[in-house]
Each structure stands twice: as C-alpha cells, then as structure tokens.
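Reproduced below: coords_8.csv, with CSV, C-alpha atoms.
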chain,number,residue,atom,x,y,z
A,1,MET,CA,0.0,0.0,0.0
A,2,VAL,CA,2.8,2.4,1.0
A,3,LEU,CA,4.7,1.3,-2.2
A,4,ASN,CA,1.6,2.1,-4.3
A,5,LYS,CA,1.3,5.5,-2.7
A,6,ARG,CA,4.9,6.3,-3.3
A,7,PHE,CA,4.6,5.1,-6.9
A,8,LEU,CA,1.5,7.3,-7.3
A,9,PHE,CA,3.3,10.3,-5.8
A,10,LEU,CA,6.4,9.8,-8.0
A,11,SER,CA,4.2,9.4,-11.1
A,12,ILE,CA,2.3,12.7,-10.4
A,13,LEU,CA,5.6,14.4,-9.7
A,14,TYR,CA,7.1,13.2,-13.0
A,15,ILE,CA,4.0,14.3,-14.9
A,16,LEU,CA,4.2,17.7,-13.3
A,17,ILE,CA,7.9,18.1,-14.1
A,18,VAL,CA,7.4,17.0,-17.7
A,19,ALA,CA,4.4,19.2,-18.1
A,20,GLN,CA,6.3,22.2,-16.6
A,21,ALA,CA,9.3,21.5,-18.8
A,22,SER,CA,7.3,21.2,-22.0
A,23,ALA,CA,5.2,24.3,-21.0
A,24,GLN,CA,8.4,26.3,-20.6
A,25,ASP,CA,9.7,25.0,-23.9
A,26,ASP,CA,6.4,26.0,-25.6
A,27,GLU,CA,6.6,29.5,-24.1
A,28,LEU,CA,10.2,30.2,-25.0
A,29,PRO,CA,10.2,32.4,-28.1
A,30,LYS,CA,12.3,31.2,-31.1
A,31,PRO,CA,14.8,33.4,-32.9
A,32,TYR,CA,12.5,35.5,-35.2
A,33,ILE,CA,14.6,34.5,-38.3
A,34,ASN,CA,13.3,30.9,-37.8
A,35,HIS,CA,9.9,32.3,-39.1
A,36,ALA,CA,11.5,33.6,-42.3
A,37,ASP,CA,12.7,30.7,-44.5
A,38,ASN,CA,13.5,33.1,-47.4
A,39,GLY,CA,15.5,35.5,-45.2
A,40,LEU,CA,14.7,39.1,-44.2
A,41,ILE,CA,15.8,42.5,-45.6
A,42,TYR,CA,16.2,45.5,-43.3
A,43,ASN,CA,16.9,49.1,-44.3
A,44,THR,CA,19.7,49.8,-41.8
A,45,VAL,CA,21.3,53.0,-40.5
A,46,PHE,CA,24.6,52.7,-38.6
A,47,THR,CA,25.6,55.7,-36.5
A,48,TYR,CA,29.0,56.2,-34.8
A,49,ARG,CA,29.2,59.6,-33.0
A,50,GLU,CA,28.3,62.1,-35.7
A,51,HIS,CA,29.0,59.7,-38.7
A,52,SER,CA,26.2,57.7,-40.2
A,53,PHE,CA,25.9,55.2,-43.0
A,54,SER,CA,23.0,53.3,-44.4
A,55,GLY,CA,22.6,50.1,-46.3
A,56,LEU,CA,20.4,47.1,-46.7
A,57,MET,CA,21.0,44.2,-44.3
A,58,VAL,CA,20.0,40.7,-45.5
A,59,VAL,CA,19.8,38.1,-42.8
A,60,LYS,CA,19.1,34.4,-43.3
A,61,LYS,CA,19.4,31.2,-41.3
A,62,GLU,CA,21.8,28.7,-43.0
A,63,GLY,CA,21.7,25.4,-41.1
A,64,GLU,CA,22.6,26.2,-37.5
A,65,ALA,CA,24.4,29.4,-38.6
A,66,TYR,CA,23.1,32.9,-39.3
A,67,ARG,CA,24.2,34.6,-42.5
A,68,VAL,CA,24.4,38.4,-42.7
A,69,VAL,CA,25.1,40.4,-45.8
A,70,LEU,CA,25.3,44.2,-45.8
A,71,LEU,CA,24.6,45.8,-49.2
A,72,SER,CA,25.3,49.4,-50.2
A,73,LYS,CA,22.1,51.0,-51.6
A,74,LEU,CA,23.9,51.3,-55.0
A,75,GLY,CA,24.0,47.5,-55.1
A,76,PRO,CA,27.4,45.9,-54.3
A,77,SER,CA,27.8,44.1,-51.0
A,78,ILE,CA,30.1,45.7,-48.4
A,79,MET,CA,30.4,42.9,-45.9
A,80,ASP,CA,29.3,39.3,-45.6
A,81,PHE,CA,29.6,37.0,-42.6
A,82,LEU,CA,28.3,34.0,-40.6
A,83,ILE,CA,27.4,33.9,-36.9
A,84,ALA,CA,27.5,30.5,-35.3
A,85,ASP,CA,27.8,29.7,-31.6
A,86,GLY,CA,28.5,33.4,-30.9
A,87,LYS,CA,31.5,33.4,-33.2
A,88,LEU,CA,31.7,35.5,-36.4
A,89,THR,CA,33.4,34.2,-39.6
A,90,TRP,CA,34.0,36.7,-42.4
A,91,ASN,CA,33.1,35.8,-46.0
A,92,LYS,CA,33.8,39.4,-47.2
A,93,VAL,CA,35.3,42.0,-44.9
A,94,PRO,CA,36.0,45.7,-45.7
A,95,LYS,CA,39.6,46.8,-45.3
A,96,GLY,CA,40.3,47.9,-41.8
A,97,MET,CA,37.6,45.8,-40.2
A,98,GLU,CA,39.6,42.5,-40.0
A,99,ARG,CA,40.8,43.2,-36.5
A,100,ALA,CA,39.9,40.6,-33.8
A,101,VAL,CA,38.4,43.2,-31.5
A,102,ILE,CA,35.9,44.4,-34.2
A,103,ARG,CA,35.0,40.9,-35.0
A,104,ARG,CA,34.2,40.2,-31.3
A,105,ILE,CA,32.1,43.4,-30.9
A,106,MET,CA,30.2,42.6,-34.1
A,107,ALA,CA,29.6,39.0,-33.0
A,108,LYS,CA,28.1,40.2,-29.8
A,109,ASP,CA,26.0,42.9,-31.4
A,110,PHE,CA,24.7,40.6,-34.1
A,111,SER,CA,24.0,37.7,-31.8
A,112,ILE,CA,21.8,39.9,-29.7
A,113,MET,CA,20.2,41.5,-32.7
A,114,LEU,CA,19.4,38.1,-34.2
A,115,LEU,CA,18.6,36.5,-30.8
A,116,THR,CA,20.7,33.5,-31.8
A,117,ASP,CA,21.0,32.2,-28.2
A,118,LEU,CA,17.3,31.5,-28.1
A,119,GLN,CA,18.2,28.6,-30.4
A,120,ASN,CA,19.7,26.8,-27.3
A,121,PRO,CA,16.9,26.2,-24.7
A,122,GLU,CA,19.3,24.5,-22.4
A,123,LYS,CA,21.1,27.9,-21.9
A,124,VAL,CA,17.8,29.7,-21.1
A,125,LYS,CA,16.5,30.2,-17.6
A,126,GLU,CA,13.1,31.8,-16.9
A,127,LYS,CA,13.2,35.0,-14.9
A,128,LYS,CA,10.7,37.6,-13.8
A,129,ASN,CA,9.3,39.3,-16.9
A,130,GLY,CA,11.5,37.3,-19.3
A,131,TYR,CA,14.5,35.0,-19.6
A,132,LYS,CA,18.2,35.0,-18.8
A,133,ILE,CA,20.5,33.3,-21.3
A,134,LYS,CA,23.9,32.0,-20.0
A,135,GLY,CA,26.9,31.9,-22.2
A,136,ASP,CA,30.0,33.9,-23.1
A,137,ASN,CA,27.8,36.9,-22.9
A,138,THR,CA,24.9,36.6,-20.4
A,139,ILE,CA,21.8,38.1,-21.9
A,140,LYS,CA,18.6,39.2,-20.2
A,141,ILE,CA,15.5,39.4,-22.4
A,142,LYS,CA,12.1,40.9,-21.7
A,143,LEU,CA,8.9,39.8,-23.5
A,144,THR,CA,5.8,41.5,-24.8
A,145,ALA,CA,2.4,40.4,-23.6
A,146,ASP,CA,2.1,38.1,-26.6
A,147,ASN,CA,5.4,36.4,-25.9
A,148,LYS,CA,7.7,38.2,-28.4
A,149,VAL,CA,11.1,39.6,-27.4
A,150,ARG,CA,10.8,43.3,-26.6
A,151,GLU,CA,14.3,43.9,-25.2
A,152,ALA,CA,17.6,42.1,-25.0
A,153,GLU,CA,20.6,43.3,-23.0
A,154,THR,CA,24.0,42.0,-22.1
A,155,LYS,CA,24.4,41.6,-18.3
A,156,ASN,CA,28.1,40.9,-18.0
A,157,ASN,CA,29.7,42.9,-15.2
A,158,PHE,CA,33.3,43.1,-16.4
A,159,THR,CA,32.9,44.6,-19.8
A,160,PHE,CA,32.9,48.1,-21.0
A,161,LEU,CA,30.7,47.5,-24.1
A,162,LYS,CA,27.2,46.8,-23.0
A,163,THR,CA,24.8,46.1,-25.8
A,164,TYR,CA,21.0,46.4,-25.7
A,165,ALA,CA,18.5,45.8,-28.4
A,166,SER,CA,14.9,46.8,-28.7
A,167,PHE,CA,12.4,45.1,-30.9
A,168,PHE,CA,9.2,46.7,-32.2
A,169,TYR,CA,6.2,45.0,-33.8
A,170,THR,CA,3.2,46.5,-35.7
A,171,ASN,CA,1.1,43.4,-35.8
A,172,SER,CA,0.9,39.8,-34.4
A,173,ASP,CA,3.6,38.6,-36.8
A,174,PRO,CA,6.7,37.3,-34.9
A,175,ILE,CA,9.1,39.2,-37.2
A,176,PRO,CA,10.1,42.6,-35.7
A,177,ASP,CA,9.3,45.5,-38.0
A,178,GLU,CA,12.0,47.7,-36.3
A,179,ILE,CA,15.1,46.8,-34.3
A,180,CYS,CA,17.4,49.2,-32.6
A,181,VAL,CA,20.8,48.0,-31.2
A,182,ASN,CA,22.5,50.5,-28.9
A,183,HIS,CA,25.4,50.6,-26.5
A,184,ARG,CA,25.9,52.0,-23.1
A,185,TYR,CA,29.0,54.3,-22.9
A,186,ILE,CA,29.7,54.3,-26.6
A,187,LYS,CA,27.8,56.4,-29.2
A,188,MET,CA,27.3,53.5,-31.6
A,189,LYS,CA,23.9,52.6,-32.9
A,190,MET,CA,22.2,50.4,-35.5
A,191,GLU,CA,18.6,51.1,-36.5
A,192,MET,CA,16.8,48.7,-38.7
A,193,LYS,CA,13.4,48.9,-40.5
A,194,LEU,CA,11.9,45.8,-42.2
A,195,LEU,CA,11.7,46.1,-46.0
A,196,ASP,CA,11.0,42.7,-47.2
A,197,ARG,CA,10.7,39.0,-46.3
B,1,MET,CA,9.1,14.4,-92.2
B,2,SER,CA,9.9,14.3,-88.5
B,3,LYS,CA,13.2,16.1,-89.2
B,4,LEU,CA,11.5,18.8,-91.0
B,5,LEU,CA,9.0,19.2,-88.2
B,6,ILE,CA,11.8,19.5,-85.6
B,7,TYR,CA,13.5,22.0,-87.8
B,8,VAL,CA,10.4,24.1,-88.1
B,9,LEU,CA,9.7,24.0,-84.4
B,10,VAL,CA,13.3,24.6,-83.2
B,11,PHE,CA,14.5,27.1,-85.9
B,12,PRO,CA,12.6,30.2,-84.6
B,13,PHE,CA,14.1,29.6,-81.1
B,14,MET,CA,17.6,29.2,-82.5
B,15,LEU,CA,17.1,32.5,-84.3
B,16,LEU,CA,15.8,34.1,-81.1
B,17,PHE,CA,18.8,32.9,-79.1
B,18,GLN,CA,21.2,33.9,-81.9
B,19,ASN,CA,19.8,37.5,-81.9
B,20,ASP,CA,20.0,37.9,-78.1
B,21,SER,CA,23.4,36.3,-77.5
B,22,PHE,CA,26.4,38.5,-77.7
B,23,GLU,CA,29.4,38.0,-80.0
B,24,THR,CA,32.6,39.9,-80.6
B,25,MET,CA,31.9,43.4,-81.9
B,26,LYS,CA,32.7,43.7,-85.7
B,27,ASP,CA,33.5,47.4,-85.9
B,28,ILE,CA,34.9,48.7,-82.7
B,29,PRO,CA,36.2,52.1,-84.1
B,30,ALA,CA,32.7,52.9,-85.4
B,31,PHE,CA,31.2,52.1,-82.0
B,32,LYS,CA,33.7,54.3,-80.2
B,33,LYS,CA,33.0,57.1,-82.8
B,34,GLY,CA,29.3,56.7,-82.1
B,35,ILE,CA,29.8,56.9,-78.4
B,36,ASN,CA,32.0,60.0,-78.6
B,37,ARG,CA,29.5,61.7,-80.8
B,38,MET,CA,26.7,60.9,-78.4
B,39,ALA,CA,28.8,62.2,-75.4
B,40,THR,CA,29.7,65.4,-77.3
B,41,ASN,CA,26.2,66.2,-78.2
B,42,THR,CA,24.6,65.3,-74.8
B,43,ASN,CA,24.4,68.1,-72.3
B,44,THR,CA,21.7,66.6,-70.0
B,45,ILE,CA,20.3,63.2,-69.4
B,46,GLN,CA,17.3,62.3,-67.2
B,47,ALA,CA,15.9,58.8,-66.8
B,48,SER,CA,14.1,56.5,-64.4
B,49,PHE,CA,15.8,53.3,-63.4
B,50,ASN,CA,15.0,49.9,-61.9
B,51,GLN,CA,17.7,48.3,-59.7
B,52,ASN,CA,17.7,44.5,-59.0
B,53,LYS,CA,20.2,43.0,-56.7
B,54,TYR,CA,20.6,39.3,-57.1
B,55,LEU,CA,22.1,37.5,-54.1
B,56,ASN,CA,22.8,33.8,-54.2
B,57,ILE,CA,21.3,33.4,-50.7
B,58,LEU,CA,17.9,34.9,-51.7
B,59,SER,CA,15.4,33.4,-54.0
B,60,ASN,CA,14.1,36.8,-55.1
B,61,SER,CA,16.0,39.9,-56.1
B,62,VAL,CA,16.2,43.0,-53.9
B,63,GLU,CA,14.3,45.6,-56.0
B,64,SER,CA,14.5,49.4,-55.9
B,65,SER,CA,13.8,52.2,-58.3
B,66,GLY,CA,14.2,55.9,-58.8
B,67,THR,CA,15.4,58.6,-61.1
B,68,MET,CA,18.7,59.8,-62.5
B,69,HIS,CA,19.6,63.4,-63.6
B,70,PHE,CA,22.9,64.3,-65.2
B,71,LYS,CA,24.1,67.7,-66.4
B,72,LYS,CA,27.4,68.5,-68.0
B,73,PRO,CA,30.2,68.7,-67.0
B,74,ASP,CA,29.8,66.7,-63.7
B,75,LEU,CA,26.5,67.2,-62.0
B,76,LEU,CA,24.8,63.9,-61.2
B,77,LYS,CA,21.8,63.1,-58.9
B,78,TRP,CA,20.9,59.5,-58.3
B,79,SER,CA,17.6,59.3,-56.4
B,80,TYR,CA,16.0,56.1,-55.0
B,81,THR,CA,12.3,56.7,-54.3
B,82,ASN,CA,11.1,53.1,-53.8
B,83,PRO,CA,11.1,51.3,-51.4
B,84,TYR,CA,13.1,54.1,-49.5
B,85,ASN,CA,14.1,57.6,-50.1
B,86,TYR,CA,17.9,57.8,-50.6
B,87,ALA,CA,19.7,60.2,-53.0
B,88,ILE,CA,23.4,60.6,-54.0
B,89,LEU,CA,24.5,63.9,-55.4
B,90,LEU,CA,27.8,64.3,-57.2
B,91,ASN,CA,29.1,67.7,-58.2
B,92,GLY,CA,32.8,67.0,-59.0
B,93,GLU,CA,34.0,68.3,-55.6
B,94,GLU,CA,31.8,66.6,-53.1
B,95,ILE,CA,29.4,63.7,-52.7
B,96,LYS,CA,26.2,64.5,-50.7
B,97,ILE,CA,23.9,61.8,-49.5
B,98,ASN,CA,20.3,62.4,-48.5
B,99,ASP,CA,19.1,59.5,-46.4
B,100,GLU,CA,15.4,60.0,-45.6
B,101,GLY,CA,16.0,63.7,-45.1
B,102,LYS,CA,19.4,63.5,-43.3
B,103,VAL,CA,22.2,65.0,-45.4
B,104,ASN,CA,25.8,64.0,-45.2
B,105,SER,CA,28.6,65.5,-47.3
B,106,PHE,CA,32.1,64.1,-48.2
B,107,GLU,CA,34.8,65.8,-50.2
B,108,ILE,CA,35.6,63.7,-53.2
B,109,ARG,CA,39.4,64.6,-53.2
B,110,ASN,CA,39.8,63.3,-49.6
B,111,SER,CA,38.7,59.8,-50.6
B,112,LYS,CA,40.2,57.7,-53.4
B,113,ILE,CA,37.3,55.4,-53.4
B,114,PHE,CA,34.8,58.3,-53.7
B,115,LYS,CA,36.9,59.7,-56.5
B,116,GLU,CA,36.8,56.4,-58.3
B,117,LEU,CA,33.0,56.0,-57.7
B,118,ASN,CA,32.4,59.6,-58.9
B,119,ASP,CA,34.4,59.0,-62.1
B,120,LEU,CA,32.9,55.6,-62.8
B,121,ILE,CA,29.3,56.8,-62.4
B,122,ILE,CA,29.7,60.0,-64.4
B,123,ASN,CA,31.7,58.2,-67.1
B,124,SER,CA,29.2,55.4,-67.3
B,125,VAL,CA,26.1,57.5,-67.8
B,126,GLN,CA,27.9,59.7,-70.3
B,127,GLY,CA,29.5,56.9,-72.2
B,128,ASN,CA,33.1,58.0,-71.5
B,129,VAL,CA,33.7,54.8,-69.6
B,130,LEU,CA,35.5,53.5,-72.7
B,131,GLN,CA,38.3,55.9,-72.1
B,132,GLU,CA,38.9,54.5,-68.6
B,133,GLU,CA,42.5,53.2,-68.2
B,134,ARG,CA,41.6,51.4,-65.0
B,135,PHE,CA,39.8,48.7,-66.9
B,136,ASP,CA,40.5,46.0,-69.5
B,137,ILE,CA,37.6,46.4,-71.9
B,138,SER,CA,36.2,43.8,-74.3
B,139,TYR,CA,33.6,44.7,-76.9
B,140,LEU,CA,30.5,42.6,-77.8
B,141,GLU,CA,27.2,43.1,-79.6
B,142,ASN,CA,23.9,41.5,-80.5
B,143,ASN,CA,21.2,42.8,-82.9
B,144,LYS,CA,19.9,45.4,-80.4
B,145,LEU,CA,22.7,46.4,-78.1
B,146,TYR,CA,26.5,47.1,-77.9
B,147,LEU,CA,28.2,45.7,-74.8
B,148,ALA,CA,31.4,47.1,-73.2
B,149,ARG,CA,32.7,44.5,-70.7
B,150,LEU,CA,35.0,46.2,-68.1
B,151,SER,CA,37.3,44.2,-65.9
B,152,PRO,CA,39.1,46.3,-63.2
B,153,LYS,CA,42.9,46.4,-63.2
B,154,GLU,CA,43.3,48.0,-59.7
B,155,GLU,CA,43.4,45.7,-56.7
B,156,GLN,CA,41.1,47.9,-54.5
B,157,LEU,CA,38.3,48.1,-57.1
B,158,LYS,CA,38.9,44.5,-58.1
B,159,SER,CA,38.2,43.3,-54.5
B,160,TYR,CA,34.7,44.6,-54.7
B,161,ILE,CA,33.8,44.4,-58.4
B,162,LYS,CA,34.7,41.5,-60.7
B,163,GLN,CA,33.3,42.9,-63.9
B,164,ILE,CA,31.0,45.7,-65.1
B,165,ASP,CA,28.9,45.3,-68.2
B,166,VAL,CA,27.7,48.5,-69.8
B,167,TYR,CA,25.0,48.0,-72.5
B,168,PHE,CA,24.4,50.7,-75.1
B,169,GLU,CA,21.4,51.1,-77.5
B,170,LYS,CA,22.4,50.5,-81.1
B,171,SER,CA,19.9,53.2,-82.1
B,172,ASP,CA,21.3,56.2,-80.2
B,173,TYR,CA,24.3,54.9,-78.2
B,174,THR,CA,22.7,55.8,-74.9
B,175,VAL,CA,23.2,53.5,-71.9
B,176,ASN,CA,20.5,50.9,-71.7
B,177,LYS,CA,21.6,49.0,-68.6
B,178,ILE,CA,24.6,48.5,-66.3
B,179,GLN,CA,25.4,45.1,-64.6
B,180,LEU,CA,27.9,45.0,-61.8
B,181,PHE,CA,29.2,41.5,-61.0
B,182,GLU,CA,30.8,40.5,-57.7
B,183,HIS,CA,33.2,37.7,-57.0
B,184,GLU,CA,30.6,35.5,-55.2
B,185,GLY,CA,28.3,35.3,-58.3
B,186,ASP,CA,26.1,38.1,-57.0
B,187,TYR,CA,25.3,41.0,-59.3
B,188,THR,CA,23.4,44.3,-59.5
B,189,LEU,CA,21.4,45.1,-62.6
B,190,ILE,CA,20.4,48.7,-63.3
B,191,THR,CA,18.0,49.2,-66.2
B,192,PHE,CA,17.2,52.7,-67.5
B,193,HIS,CA,13.8,53.8,-68.9
B,194,ASN,CA,12.1,57.0,-70.1
B,195,LYS,CA,15.4,58.5,-71.1
B,196,LYS,CA,15.3,62.2,-72.0
B,197,ILE,CA,18.4,63.6,-73.7
B,198,ASN,CA,19.1,67.4,-73.6
B,199,SER,CA,15.9,68.4,-71.9
B,200,SER,CA,16.2,71.4,-69.7
B,201,ILE,CA,17.3,70.6,-66.1
B,202,PRO,CA,17.6,73.5,-63.7
B,203,ASP,CA,20.7,73.6,-61.5
B,204,SER,CA,18.4,73.5,-58.4
B,205,GLU,CA,17.7,69.9,-59.3
B,206,PHE,CA,21.2,69.2,-58.1
B,207,SER,CA,20.8,70.3,-54.6
B,208,PHE,CA,19.0,69.0,-51.5
B,209,GLN,CA,16.6,71.8,-50.5
Could you quickly redo this structure as structure tokens?
Amino acid sequence: MVLNKRFLFLSILYILIVAQASAQDDELPKPYINHADNGLIYNTVFTYREHSFSGLMVVKKEGEAYRVVLLSKLGPSIMDFLIADGKLTWNKVPKGMERAVIRRIMAKDFSIMLLTDLQNPEKVKEKKNGYKIKGDNTIKIKLTADNKVREAETKNNFTFLKTYASFFYTNSDPIPDEICVNHRYIKMKMEMKLLDR
Amino acid sequence: MSKLLIYVLVFPFMLLFQNDSFETMKDIPAFKKGINRMATNTNTIQASFNQNKYLNILSNSVESSGTMHFKKPDLLKWSYTNPYNYAILLNGEEIKINDEGKVNSFEIRNSKIFKELNDLIINSVQGNVLQEERFDISYLENNKLYLARLSPKEEQLKSYIKQIDVYFEKSDYTVNKIQLFEHEGDYTLITFHNKKINSSIPDSEFSFQ
C-alpha cells in the first residue's frame, strides 16, 4: 500500500515536471529569423558619433548558422559573414575591419540582434518578466504580452561595451518591424526597418 | 518528315537565341566614334531606373527604383524613391547623401574610393567609360545592343567588383543598362527607362533643399 502511494506520488511528480518543462519549452520564443525561410531584408542605418551610413541588411538562417550580408544601396555588397555559436566568420570584410576586437564586438551585437541564443533552450532560464541566457555573454531578455522579445541586453559585469537591443512589432507577426541596437557608454547605434521578407 | 517538323519548331528559337546572344563586336572604331558623338552632343540626361540586386542566398532579387539626372560637366543626382528615399548627389567636388532627409557630405578629393566612384558613375552614364584606363575592356554586340565589358585592373576596385557590363542602345548609343558582377556570383542590374536627352534641367535639381 505504501509502495503504491509512493509510486503514485512519483508518477504525479514526474508528470508535473514533464508538463512544466514542455510548457516552458512552448513558451520560449524562437529566434524570429526561424519564421522567415527566405530571409529578411532590413533598411539599416549605422551611426557612430556624428557619422552615419545606411545600407540594406540581408539576414538568413543557414543550417545552424546565421548569414548576414550588408549591401550598399547602390547594389554591391560591403560585408558578408556568418554567426555560429556566438562566433563571427567573415566571407567578405571591408579593409580595416579585419581586427579581432571588431570581430568580437560585431559577433556580440549581431548575436543579440538576431537573438541567436534562443536557439539553445538549455542555456535559457526563466526569470521575472523574461529570460536569462547564460553563455560567453549573459543576456537578459524581456517579452511583450504576446510572448515576443521586446528587449535584449548583455548583463556581464566586467565589460565596457554593454549592448542592448529593442524590438518593435506593428502586428501579431513574430518578425520585428523595427530593431534598434544601442550601447551604453559608446555612441554607436544600429537602427533597422523591415523592408521585405 | 519528322526532321522537317523538328527544324520548323526549333529554328525560330535558334534565331531568337542567336539574336540575343552577344558576340565579338565587328566594328569597334565605329562604335567608339558613335559613343563619342553621343557624349559630345549630350548636355543633359534624365531617366528613371530599376535596380535589381541578385544575391545567391535569396530566391528573389532585392528591388529598388528611382530617377537619375545628369548635367554636363559633372552634376549627377541618383535618387531612390522606392522602397526608400535615398539620394546621392555628385558635383565634382563633393558627394552629398540624403538619407530619408538626413544629409551627409564628403569631399571627393579626400577619398580615393569616392573619387573612383564619382568618375565611374559620371563616365558610365555619359558613355566616357570606354576611355577608362583602370579597366581592361572587351567589346561585344547583338542585334539590339552594344556591350562594353569592363574588368578592373586595380586591386582595390577588383576586390569589390569583378566585372562591369555597360550596355548601349544601337539606335542612339545611350546607356540601356549596367550590370555589376561581384566575385561571389552576386550581381546588380540597373536598367534605364524613359530617357530624355538634352531636356532642360535647372541647377536647383542638383541640390538638396
């Protein structure tokens, strides 16, 4: 009888744990690019201090990696790279941008902008009003009422370059219509408006 | 009988492909003379254009369109009006960019790449691109168009552009389309429409009010 009770208790506990885990997995938003098989095109403005430059940013998921191509508005591509596991690999790099420090900053910014870490649910912990993603760069994300990412921010203590991204939606579509990536302490900004998908 | 039927069915297509495919230009001096005459007699050009960017990672091209204004000797405005507002103004001394109302200026002489861009665009729309010493040029033609195929010699330009094809109308030697090829197989195609040669364009057209 005692054994039966214990078995019943363990069974209920197991069901509750599985249900909780699957509920969390269902609620965790996916990287928005997963909803765009053909890729996305954003009209993008980069601003560094008083300088600004605009172009078209094409983003597409390629296997487990994320491909980013920046085009000048006159047509030719300016840069082309892959982000995978938080690391950036150049396909085409403008002269002067090959430095490792730039590659690391860009990898961080574009990982946040693309929300690549949401691809790994095992890294994600649910927190009040959102999630915390552990990794090389700890990221905190906040959600909208309909479970889309509203804000993402690096939470590392020992880094000068803190990145935060805001995501704006005009309808129920999971693809953000506007994205703004900004930095604390450095006047460097990236503003993106969805053109096509 | 069956051979005749195949011939009758296939021959029109063969003719079509023959007419559209390009072969080595027969009379290059006459073509250059025609281009020089057009460039000499042209004081202004205005046209609309469609731009299609073909990227191997996208199934559809990235489309944009706008207008182009040129006035001798070196005033050029290149305006994108769809799907965004973006304009580039060249006046020989500086490049001004109007991005959704925000204007930035750069002195052409301070940047080699801007100087090259300025010369390339001005010379392309005016037909003077054939005098460019920075390119190896091959000459082709079909029944409708002349084609000048430019391969950059300089390393810096070569790293961005593999080849530029400039197509000229056989009827009036104006530029019909420009195709910029990159090393990855991607390319940009700019096609001109509604060309108006020597219509009056006020200088105010070449400023951002």
Sorted by chain and rising residue number, list the residues of chain A at most 7 Å from chain B (counting all atoms listed in the file), each with its closest atom pair and distance in Å to one decimal, as CSV.
residue,atom,partner,partner_atom,distance
A:Asn38,CA,B:Leu58,CA,6.4
A:Gly39,CA,B:Leu58,CA,7.0
A:Gly75,CA,B:Thr188,CA,5.5
A:Pro76,CA,B:Thr188,CA,6.8
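The two atoms in question, CA of Val129 (chain B) and CA of Ala148 (chain B), are spaced 8.8 Å apart.
You will find CA of Leu118 (chain A) at 11.6 Å from CA of Glu27 (chain A).
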Need to verify the contact set: region 28-38 of chain B, 12 Å, all atoms listed in the file, exclusion of same-chain residues closer than 4 positions in sequence. Can you return it as a ChimeraX atom specification? /B:24,42-45,123-131,137-141,145-148,167-175,197-198
Taking the point (26.8, 58.0, -36.1) as given in the file, collect each protein or nucleic acid residue that comes within 12 Å of it, counting only C-alpha atoms, and present the set as an mmCIF file with C-alpha atoms, in the coordinates of the input.
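Output below, filename part.cif:
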data_model
loop_
_atom_site.group_PDB
_atom_site.id
_atom_site.type_symbol
_atom_site.label_atom_id
_atom_site.label_comp_id
_atom_site.auth_asym_id
_atom_site.auth_seq_id
_atom_site.Cartn_x
_atom_site.Cartn_y
_atom_site.Cartn_z
ATOM 1 C CA VAL A 45 21.300 53.000 -40.500
ATOM 2 C CA PHE A 46 24.600 52.700 -38.600
ATOM 3 C CA THR A 47 25.600 55.700 -36.500
ATOM 4 C CA TYR A 48 29.000 56.200 -34.800
ATOM 5 C CA ARG A 49 29.200 59.600 -33.000
ATOM 6 C CA GLU A 50 28.300 62.100 -35.700
ATOM 7 C CA HIS A 51 29.000 59.700 -38.700
ATOM 8 C CA SER A 52 26.200 57.700 -40.200
ATOM 9 C CA PHE A 53 25.900 55.200 -43.000
ATOM 10 C CA SER A 54 23.000 53.300 -44.400
ATOM 11 C CA ASN A 182 22.500 50.500 -28.900
ATOM 12 C CA ILE A 186 29.700 54.300 -26.600
ATOM 13 C CA LYS A 187 27.800 56.400 -29.200
ATOM 14 C CA MET A 188 27.300 53.500 -31.600
ATOM 15 C CA LYS A 189 23.900 52.600 -32.900
ATOM 16 C CA MET A 190 22.200 50.400 -35.500
ATOM 17 C CA GLU A 191 18.600 51.100 -36.500
ATOM 18 C CA LYS B 102 19.400 63.500 -43.300
ATOM 19 C CA ASN B 104 25.800 64.000 -45.200
#
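Of note, CA of His183 (chain A) and CA of Ile102 (chain A) are spaced 14.4 Å apart.
For the set A:Pro29, A:Asp109, A:Val58, A:Ala84, the residue with the smallest atom-to-atom gap to Asn43 (chain A) is A:Val58, counting all atoms listed in the file.
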Centre, x/y/z edge lengths, axis-aligned box for region 143-154 of chain B with 6 Å per side, as AutoDock Vina command-line options:
--center_x 31.6 --center_y 45.4 --center_z -71.3 --size_x 35.4 --size_y 17.2 --size_z 35.2
Quick one: residues within 7 Å of region 122-130 of chain A, only C-alpha atoms counted, chain neighbours fewer than 2 positions away excluded, as a count of residues only? 7
Just checking: using only C-alpha atoms, which residue out of A:Lys148, A:Arg197, A:Arg67, A:Lys95 ends up closest to Leu28 (chain A)? A:Lys148
Contacts of Glu153 (chain A) within 8 Å, all atoms listed in the file, excl. fewer than 5 positions in-chain, as a list in words: Ile112, Ile139, Lys140, Ile141, Lys162, Thr163, Tyr164 and Ala165 of chain A
